[in-house]
file entry28.tsv (TSV, N, CA and C atoms)
chain	number	residue	atom	x	y	z
A	191	MET	N	5.78	36.40	-54.44
A	191	MET	CA	6.62	35.88	-55.49
A	191	MET	C	7.50	34.76	-54.94
A	192	GLN	N	7.59	33.67	-55.67
A	192	GLN	CA	8.36	32.51	-55.23
A	192	GLN	C	9.85	32.75	-55.43
A	193	GLN	N	10.63	32.42	-54.41
A	193	GLN	CA	12.07	32.58	-54.49
A	193	GLN	C	12.67	31.36	-55.18
A	194	LEU	N	13.49	31.59	-56.19
A	194	LEU	CA	14.12	30.51	-56.93
A	194	LEU	C	15.54	30.31	-56.44
A	195	THR	N	15.96	29.06	-56.43
A	195	THR	CA	17.32	28.74	-56.05
A	195	THR	C	18.17	28.75	-57.31
A	196	PRO	N	19.36	29.38	-57.28
A	196	PRO	CA	20.23	29.37	-58.46
A	196	PRO	C	20.54	27.94	-58.90
A	197	LYS	N	20.66	27.75	-60.23
A	197	LYS	CA	20.89	26.41	-60.78
A	197	LYS	C	22.09	25.71	-60.16
A	198	SER	N	23.18	26.42	-59.89
A	198	SER	CA	24.37	25.80	-59.33
A	198	SER	C	24.09	25.21	-57.95
A	199	GLU	N	23.17	25.81	-57.21
A	199	GLU	CA	22.81	25.31	-55.90
A	199	GLU	C	21.74	24.24	-55.98
A	200	THR	N	20.91	24.26	-57.02
A	200	THR	CA	19.81	23.32	-57.16
A	200	THR	C	20.29	21.89	-57.16
A	201	SER	N	21.40	21.59	-57.85
A	201	SER	CA	21.86	20.22	-57.95
A	201	SER	C	22.38	19.69	-56.62
A	202	ARG	N	22.72	20.58	-55.68
A	202	ARG	CA	23.21	20.13	-54.38
A	202	ARG	C	22.08	19.83	-53.41
A	203	ILE	N	20.88	20.27	-53.71
A	203	ILE	CA	19.73	20.04	-52.85
A	203	ILE	C	19.33	18.58	-52.96
A	204	LYS	N	19.07	17.95	-51.83
A	204	LYS	CA	18.59	16.57	-51.82
A	204	LYS	C	17.08	16.59	-51.62
A	205	VAL	N	16.37	15.89	-52.50
A	205	VAL	CA	14.91	15.90	-52.48
A	205	VAL	C	14.41	14.46	-52.39
A	206	LEU	N	13.40	14.24	-51.56
A	206	LEU	CA	12.76	12.93	-51.47
A	206	LEU	C	11.29	13.12	-51.82
A	207	ILE	N	10.92	12.59	-52.97
A	207	ILE	CA	9.55	12.76	-53.48
A	207	ILE	C	8.75	11.50	-53.18
A	208	GLU	N	7.60	11.68	-52.55
A	208	GLU	CA	6.71	10.57	-52.25
A	208	GLU	C	5.50	10.66	-53.18
A	209	MET	N	5.14	9.52	-53.77
A	209	MET	CA	4.00	9.51	-54.69
A	209	MET	C	3.33	8.14	-54.68
A	210	SER	N	2.16	8.08	-55.26
A	210	SER	CA	1.44	6.81	-55.35
A	210	SER	C	2.06	5.94	-56.44
A	211	PRO	N	1.84	4.63	-56.36
A	211	PRO	CA	2.34	3.75	-57.43
A	211	PRO	C	1.76	4.11	-58.80
A	212	GLU	N	0.53	4.59	-58.83
A	212	GLU	CA	-0.09	4.98	-60.09
A	212	GLU	C	0.62	6.17	-60.73
A	213	HIS	N	0.94	7.17	-59.91
A	213	HIS	CA	1.66	8.34	-60.43
A	213	HIS	C	3.07	7.94	-60.87
A	214	HIS	N	3.71	7.10	-60.10
A	214	HIS	CA	5.05	6.62	-60.45
A	214	HIS	C	5.01	5.92	-61.81
A	215	HIS	N	4.03	5.04	-62.00
A	215	HIS	CA	3.91	4.31	-63.27
A	215	HIS	C	3.66	5.27	-64.43
A	216	SER	N	2.80	6.26	-64.19
A	216	SER	CA	2.50	7.24	-65.24
A	216	SER	C	3.75	8.02	-65.66
A	217	LEU	N	4.59	8.37	-64.70
A	217	LEU	CA	5.81	9.14	-65.01
A	217	LEU	C	6.89	8.26	-65.65
A	218	ILE	N	7.06	7.05	-65.15
A	218	ILE	CA	8.15	6.22	-65.67
A	218	ILE	C	7.88	5.79	-67.11
A	219	LYS	N	6.62	5.62	-67.47
A	219	LYS	CA	6.33	5.24	-68.86
A	219	LYS	C	6.56	6.39	-69.83
A	220	ARG	N	6.65	7.64	-69.31
A	220	ARG	CA	6.91	8.81	-70.15
A	220	ARG	C	8.40	9.14	-70.27
A	221	ALA	N	9.22	8.57	-69.39
A	221	ALA	CA	10.64	8.90	-69.35
A	221	ALA	C	11.43	8.03	-70.33
A	222	SER	N	12.37	8.64	-71.00
A	222	SER	CA	13.27	7.92	-71.90
A	222	SER	C	14.21	7.06	-71.07
A	223	GLU	N	14.50	5.86	-71.54
A	223	GLU	CA	15.39	4.96	-70.79
A	223	GLU	C	16.81	5.51	-70.65
A	224	THR	N	17.17	6.50	-71.46
A	224	THR	CA	18.50	7.10	-71.36
A	224	THR	C	18.51	8.35	-70.47
A	225	SER	N	17.36	8.73	-69.98
A	225	SER	CA	17.23	9.92	-69.15
A	225	SER	C	17.63	9.65	-67.70
A	226	PRO	N	18.25	10.64	-67.04
A	226	PRO	CA	18.52	10.49	-65.61
A	226	PRO	C	17.23	10.31	-64.80
A	227	LEU	N	16.14	10.87	-65.30
A	227	LEU	CA	14.86	10.70	-64.62
A	227	LEU	C	14.42	9.24	-64.61
A	228	TYR	N	14.63	8.56	-65.72
A	228	TYR	CA	14.26	7.15	-65.80
A	228	TYR	C	15.03	6.37	-64.74
A	229	PHE	N	16.33	6.65	-64.63
A	229	PHE	CA	17.16	5.97	-63.63
A	229	PHE	C	16.61	6.21	-62.23
A	230	ARG	N	16.29	7.47	-61.92
A	230	ARG	CA	15.76	7.79	-60.59
A	230	ARG	C	14.42	7.10	-60.34
A	231	LEU	N	13.55	7.15	-61.31
A	231	LEU	CA	12.23	6.52	-61.15
A	231	LEU	C	12.36	5.01	-61.04
A	232	LYS	N	13.24	4.43	-61.83
A	232	LYS	CA	13.44	2.98	-61.84
A	232	LYS	C	14.01	2.50	-60.50
A	233	ASN	N	14.82	3.34	-59.86
A	233	ASN	CA	15.44	2.96	-58.59
A	233	ASN	C	14.71	3.51	-57.36
A	234	ALA	N	13.47	3.88	-57.55
A	234	ALA	CA	12.65	4.35	-56.44
A	234	ALA	C	12.37	3.19	-55.48
A	235	VAL	N	11.95	3.53	-54.29
A	235	VAL	CA	11.71	2.54	-53.24
A	235	VAL	C	10.22	2.48	-52.92
A	236	LYS	N	9.68	1.26	-52.90
A	236	LYS	CA	8.29	1.09	-52.51
A	236	LYS	C	8.25	0.86	-50.99
A	237	THR	N	7.43	1.63	-50.31
A	237	THR	CA	7.34	1.54	-48.85
A	237	THR	C	6.29	0.52	-48.43
A	238	GLU	N	6.29	0.21	-47.14
A	238	GLU	CA	5.29	-0.71	-46.60
A	238	GLU	C	3.89	-0.12	-46.67
A	239	SER	N	3.80	1.21	-46.69
A	239	SER	CA	2.49	1.86	-46.77
A	239	SER	C	2.03	2.04	-48.23
A	240	ASN	N	2.68	1.33	-49.15
A	240	ASN	CA	2.32	1.32	-50.57
A	240	ASN	C	2.44	2.69	-51.23
A	241	THR	N	3.50	3.41	-50.88
A	241	THR	CA	3.84	4.63	-51.60
A	241	THR	C	5.23	4.43	-52.20
A	242	ILE	N	5.58	5.29	-53.13
A	242	ILE	CA	6.87	5.22	-53.80
A	242	ILE	C	7.70	6.43	-53.37
A	243	LEU	N	8.95	6.19	-52.97
A	243	LEU	CA	9.87	7.26	-52.61
A	243	LEU	C	10.93	7.37	-53.69
A	244	VAL	N	11.09	8.58	-54.22
A	244	VAL	CA	12.07	8.84	-55.28
A	244	VAL	C	13.11	9.82	-54.74
A	245	PRO	N	14.31	9.31	-54.38
A	245	PRO	CA	15.36	10.22	-53.94
A	245	PRO	C	16.06	10.82	-55.16
A	246	CYS	N	16.31	12.12	-55.14
A	246	CYS	CA	16.97	12.76	-56.27
A	246	CYS	C	17.58	14.08	-55.81
A	247	ASP	N	18.34	14.70	-56.71
A	247	ASP	CA	18.86	16.02	-56.39
A	247	ASP	C	17.87	17.07	-56.91
A	248	GLY	N	18.13	18.31	-56.60
A	248	GLY	CA	17.21	19.38	-56.97
A	248	GLY	C	16.99	19.52	-58.46
A	249	GLY	N	18.06	19.34	-59.25
A	249	GLY	CA	17.93	19.44	-60.70
A	249	GLY	C	17.04	18.35	-61.27
A	250	GLU	N	17.22	17.13	-60.77
A	250	GLU	CA	16.38	16.02	-61.22
A	250	GLU	C	14.93	16.24	-60.80
A	251	ALA	N	14.74	16.76	-59.60
A	251	ALA	CA	13.38	17.04	-59.12
A	251	ALA	C	12.70	18.09	-59.99
A	252	GLU	N	13.46	19.10	-60.41
A	252	GLU	CA	12.91	20.13	-61.30
A	252	GLU	C	12.53	19.52	-62.65
A	253	MET	N	13.37	18.63	-63.18
A	253	MET	CA	13.03	17.96	-64.45
A	253	MET	C	11.78	17.10	-64.28
A	254	LEU	N	11.71	16.38	-63.18
A	254	LEU	CA	10.54	15.55	-62.92
A	254	LEU	C	9.28	16.40	-62.79
A	255	LEU	N	9.42	17.56	-62.18
A	255	LEU	CA	8.29	18.48	-62.06
A	255	LEU	C	7.79	18.91	-63.44
A	256	GLN	N	8.69	19.22	-64.35
A	256	GLN	CA	8.28	19.64	-65.70
A	256	GLN	C	7.56	18.51	-66.43
A	257	VAL	N	8.05	17.29	-66.30
A	257	VAL	CA	7.39	16.13	-66.93
A	257	VAL	C	6.01	15.94	-66.32
A	258	ALA	N	5.94	16.03	-65.00
A	258	ALA	CA	4.65	15.86	-64.31
A	258	ALA	C	3.63	16.91	-64.73
A	259	LYS	N	4.07	18.14	-64.93
A	259	LYS	CA	3.15	19.21	-65.34
A	259	LYS	C	2.46	18.85	-66.66
A	260	HIS	N	3.14	18.15	-67.53
A	260	HIS	CA	2.57	17.79	-68.82
A	260	HIS	C	1.81	16.47	-68.80
A	261	PHE	N	2.30	15.49	-68.05
A	261	PHE	CA	1.76	14.14	-68.17
A	261	PHE	C	1.08	13.59	-66.92
A	262	CYS	N	1.31	14.21	-65.78
A	262	CYS	CA	0.71	13.70	-64.54
A	262	CYS	C	0.50	14.86	-63.56
A	263	PRO	N	-0.38	15.80	-63.91
A	263	PRO	CA	-0.55	17.00	-63.09
A	263	PRO	C	-1.01	16.72	-61.66
A	264	GLU	N	-1.56	15.54	-61.42
A	264	GLU	CA	-2.04	15.21	-60.08
A	264	GLU	C	-0.91	15.13	-59.05
A	265	VAL	N	0.32	14.90	-59.49
A	265	VAL	CA	1.45	14.74	-58.56
A	265	VAL	C	2.30	16.01	-58.45
A	266	VAL	N	1.97	17.04	-59.22
A	266	VAL	CA	2.76	18.27	-59.24
A	266	VAL	C	2.91	18.88	-57.85
A	267	SER	N	1.82	18.97	-57.09
A	267	SER	CA	1.89	19.61	-55.77
A	267	SER	C	2.81	18.83	-54.82
A	268	ARG	N	2.85	17.52	-54.93
A	268	ARG	CA	3.74	16.71	-54.08
A	268	ARG	C	5.20	16.97	-54.44
A	269	ILE	N	5.48	17.07	-55.71
A	269	ILE	CA	6.86	17.33	-56.15
A	269	ILE	C	7.29	18.72	-55.72
A	270	GLU	N	6.42	19.71	-55.90
A	270	GLU	CA	6.74	21.07	-55.48
A	270	GLU	C	7.00	21.13	-53.97
A	271	ALA	N	6.18	20.43	-53.19
A	271	ALA	CA	6.37	20.41	-51.73
A	271	ALA	C	7.69	19.75	-51.36
A	272	ALA	N	8.06	18.68	-52.06
A	272	ALA	CA	9.33	18.00	-51.78
A	272	ALA	C	10.51	18.90	-52.12
A	273	ILE	N	10.40	19.65	-53.21
A	273	ILE	CA	11.48	20.58	-53.59
A	273	ILE	C	11.62	21.68	-52.53
A	274	ARG	N	10.50	22.23	-52.10
A	274	ARG	CA	10.55	23.26	-51.04
A	274	ARG	C	11.17	22.71	-49.76
A	275	ALA	N	10.78	21.49	-49.39
A	275	ALA	CA	11.33	20.86	-48.18
A	275	ALA	C	12.84	20.65	-48.33
A	276	GLY	N	13.29	20.28	-49.51
A	276	GLY	CA	14.73	20.09	-49.76
A	276	GLY	C	15.49	21.39	-49.67
A	277	GLN	N	14.87	22.49	-50.05
A	277	GLN	CA	15.53	23.80	-50.00
A	277	GLN	C	15.68	24.29	-48.57
A	278	THR	N	14.82	23.85	-47.67
A	278	THR	CA	14.90	24.30	-46.28
A	278	THR	C	15.81	23.42	-45.45
A	279	ASN	N	16.21	22.27	-45.97
A	279	ASN	CA	17.08	21.35	-45.20
A	279	ASN	C	18.53	21.65	-45.43
call {"tool": "encode", "arguments": {"input": "entry28.tsv", "output": "structure tokens"}}
result
Amino acid sequence: MQQLTPKSETSRIKVLIEMSPEHHHSLIKRASETSPLYFRLKNAVKTESNTILVPCDGGEAEMLLQVAKHFCPEVVSRIEAAIRAGQTN
């Protein structure tokens, strides 16, 4: 059984999600411009190795995970791994 972090602690977790430009584009086109997710996705960093890094807190990562489950399931495992890594740091 997966251990869940209490919501009050989730927002303090720092998460760095790495994804392809294609997955990033797929997620950003689904996010509302007034959403905190849109802000995070819009301010992501493109690396020299042509990947996108999205820094966010645990709550934002959880929201991004829910969006990805519906609209971009290919990136779900990367987001889950980033959340787990943030919980151990």
call {"tool": "residues_around", "arguments": {"input": "entry28.tsv", "residues": "stretch 199-215 of chain A", "least_positions_apart": "3", "cutoff": "8 Å", "atoms": "only C-alpha atoms", "output": "PDB file with N, CA and C atoms, in the frame of the given file"}}
result
ATOM      1  N   THR A 195      15.960  29.060 -56.430  1.00  0.00           N
ATOM      2  CA  THR A 195      17.320  28.740 -56.050  1.00  0.00           C
ATOM      3  C   THR A 195      18.170  28.750 -57.310  1.00  0.00           C
ATOM      4  N   PRO A 196      19.360  29.380 -57.280  1.00  0.00           N
ATOM      5  CA  PRO A 196      20.230  29.370 -58.460  1.00  0.00           C
ATOM      6  C   PRO A 196      20.540  27.940 -58.900  1.00  0.00           C
ATOM      7  N   ILE A 218       7.060   7.050 -65.150  1.00  0.00           N
ATOM      8  CA  ILE A 218       8.150   6.220 -65.670  1.00  0.00           C
ATOM      9  C   ILE A 218       7.880   5.790 -67.110  1.00  0.00           C
ATOM     10  N   LYS A 219       6.620   5.620 -67.470  1.00  0.00           N
ATOM     11  CA  LYS A 219       6.330   5.240 -68.860  1.00  0.00           C
ATOM     12  C   LYS A 219       6.560   6.390 -69.830  1.00  0.00           C
ATOM     13  N   LEU A 231      13.550   7.150 -61.310  1.00  0.00           N
ATOM     14  CA  LEU A 231      12.230   6.520 -61.150  1.00  0.00           C
ATOM     15  C   LEU A 231      12.360   5.010 -61.040  1.00  0.00           C
ATOM     16  N   ASN A 240       2.680   1.330 -49.150  1.00  0.00           N
ATOM     17  CA  ASN A 240       2.320   1.320 -50.570  1.00  0.00           C
ATOM     18  C   ASN A 240       2.440   2.690 -51.230  1.00  0.00           C
ATOM     19  N   THR A 241       3.500   3.410 -50.880  1.00  0.00           N
ATOM     20  CA  THR A 241       3.840   4.630 -51.600  1.00  0.00           C
ATOM     21  C   THR A 241       5.230   4.430 -52.200  1.00  0.00           C
ATOM     22  N   ILE A 242       5.580   5.290 -53.130  1.00  0.00           N
ATOM     23  CA  ILE A 242       6.870   5.220 -53.800  1.00  0.00           C
ATOM     24  C   ILE A 242       7.700   6.430 -53.370  1.00  0.00           C
ATOM     25  N   LEU A 243       8.950   6.190 -52.970  1.00  0.00           N
ATOM     26  CA  LEU A 243       9.870   7.260 -52.610  1.00  0.00           C
ATOM     27  C   LEU A 243      10.930   7.370 -53.690  1.00  0.00           C
ATOM     28  N   VAL A 244      11.090   8.580 -54.220  1.00  0.00           N
ATOM     29  CA  VAL A 244      12.070   8.840 -55.280  1.00  0.00           C
ATOM     30  C   VAL A 244      13.110   9.820 -54.740  1.00  0.00           C
ATOM     31  N   PRO A 245      14.310   9.310 -54.380  1.00  0.00           N
ATOM     32  CA  PRO A 245      15.360  10.220 -53.940  1.00  0.00           C
ATOM     33  C   PRO A 245      16.060  10.820 -55.160  1.00  0.00           C
ATOM     34  N   CYS A 246      16.310  12.120 -55.140  1.00  0.00           N
ATOM     35  CA  CYS A 246      16.970  12.760 -56.270  1.00  0.00           C
ATOM     36  C   CYS A 246      17.580  14.080 -55.810  1.00  0.00           C
ATOM     37  N   ASP A 247      18.340  14.700 -56.710  1.00  0.00           N
ATOM     38  CA  ASP A 247      18.860  16.020 -56.390  1.00  0.00           C
ATOM     39  C   ASP A 247      17.870  17.070 -56.910  1.00  0.00           C
ATOM     40  N   GLY A 248      18.130  18.310 -56.600  1.00  0.00           N
ATOM     41  CA  GLY A 248      17.210  19.380 -56.970  1.00  0.00           C
ATOM     42  C   GLY A 248      16.990  19.520 -58.460  1.00  0.00           C
ATOM     43  N   GLY A 249      18.060  19.340 -59.250  1.00  0.00           N
ATOM     44  CA  GLY A 249      17.930  19.440 -60.700  1.00  0.00           C
ATOM     45  C   GLY A 249      17.040  18.350 -61.270  1.00  0.00           C
ATOM     46  N   GLU A 250      17.220  17.130 -60.770  1.00  0.00           N
ATOM     47  CA  GLU A 250      16.380  16.020 -61.220  1.00  0.00           C
ATOM     48  C   GLU A 250      14.930  16.240 -60.800  1.00  0.00           C
ATOM     49  N   ALA A 251      14.740  16.760 -59.600  1.00  0.00           N
ATOM     50  CA  ALA A 251      13.380  17.040 -59.120  1.00  0.00           C
ATOM     51  C   ALA A 251      12.700  18.090 -59.990  1.00  0.00           C
ATOM     52  N   CYS A 262       1.310  14.210 -65.780  1.00  0.00           N
ATOM     53  CA  CYS A 262       0.710  13.700 -64.540  1.00  0.00           C
ATOM     54  C   CYS A 262       0.500  14.860 -63.560  1.00  0.00           C
ATOM     55  N   GLU A 264      -1.560  15.540 -61.420  1.00  0.00           N
ATOM     56  CA  GLU A 264      -2.040  15.210 -60.080  1.00  0.00           C
ATOM     57  C   GLU A 264      -0.910  15.130 -59.050  1.00  0.00           C
ATOM     58  N   VAL A 265       0.320  14.900 -59.490  1.00  0.00           N
ATOM     59  CA  VAL A 265       1.450  14.740 -58.560  1.00  0.00           C
ATOM     60  C   VAL A 265       2.300  16.010 -58.450  1.00  0.00           C
ATOM     61  N   ARG A 268       2.850  17.520 -54.930  1.00  0.00           N
ATOM     62  CA  ARG A 268       3.740  16.710 -54.080  1.00  0.00           C
ATOM     63  C   ARG A 268       5.200  16.970 -54.440  1.00  0.00           C
ATOM     64  N   ILE A 269       5.480  17.070 -55.710  1.00  0.00           N
ATOM     65  CA  ILE A 269       6.860  17.330 -56.150  1.00  0.00           C
ATOM     66  C   ILE A 269       7.290  18.720 -55.720  1.00  0.00           C
ATOM     67  N   ALA A 272       8.060  18.680 -52.060  1.00  0.00           N
ATOM     68  CA  ALA A 272       9.330  18.000 -51.780  1.00  0.00           C
ATOM     69  C   ALA A 272      10.510  18.900 -52.120  1.00  0.00           C
ATOM     70  N   ILE A 273      10.400  19.650 -53.210  1.00  0.00           N
ATOM     71  CA  ILE A 273      11.480  20.580 -53.590  1.00  0.00           C
ATOM     72  C   ILE A 273      11.620  21.680 -52.530  1.00  0.00           C
ATOM     73  N   ALA A 275      10.780  21.490 -49.390  1.00  0.00           N
ATOM     74  CA  ALA A 275      11.330  20.860 -48.180  1.00  0.00           C
ATOM     75  C   ALA A 275      12.840  20.650 -48.330  1.00  0.00           C
ATOM     76  N   GLY A 276      13.290  20.280 -49.510  1.00  0.00           N
ATOM     77  CA  GLY A 276      14.730  20.090 -49.760  1.00  0.00           C
ATOM     78  C   GLY A 276      15.490  21.390 -49.670  1.00  0.00           C
ATOM     79  N   GLN A 277      14.870  22.490 -50.050  1.00  0.00           N
ATOM     80  CA  GLN A 277      15.530  23.800 -50.000  1.00  0.00           C
ATOM     81  C   GLN A 277      15.680  24.290 -48.570  1.00  0.00           C
TER      82      GLN A 277
END
call {"tool": "closest_residue", "arguments": {"input": "entry28.tsv", "among": "A:Ala258, A:Val266, A:Ala271, A:Leu217", "to": "A:Arg230", "atoms": "only C-alpha atoms"}}
result
A:Leu217
call {"tool": "select_by_dssp", "arguments": {"input": "entry28.tsv", "residues": "chain A", "states": "strand (DSSP E)", "output": "ChimeraX atom specification"}}
result
/A:204-209,235-236,242-247
call {"tool": "select_by_dssp", "arguments": {"input": "entry28.tsv", "residues": "chain A", "states": "helix (DSSP H, G or I)", "output": "ChimeraX atom specification"}}
result
/A:197-200,211-218,226-232,248-261,263-278
call {"tool": "residues_near_point", "arguments": {"input": "entry28.tsv", "point": "(17.8, 7.7, -66.0)", "cutoff": "12 Å", "atoms": "only C-alpha atoms", "output": "ChimeraX atom specification"}}
result
/A:218,220-234,246,250,253-254
call {"tool": "atom_distance", "arguments": {"input": "entry28.tsv", "atom1": "atom C of A:Ser267", "atom2": "atom N of A:Glu252"}}
result
12.0 Å
call {"tool": "atom_distance", "arguments": {"input": "entry28.tsv", "atom1": "atom CA of A:His260", "atom2": "atom CA of A:Ser216"}}
result
11.1 Å
call {"tool": "atom_distance", "arguments": {"input": "entry28.tsv", "atom1": "atom CA of A:Thr237", "atom2": "atom N of A:Leu255"}}
result
20.9 Å
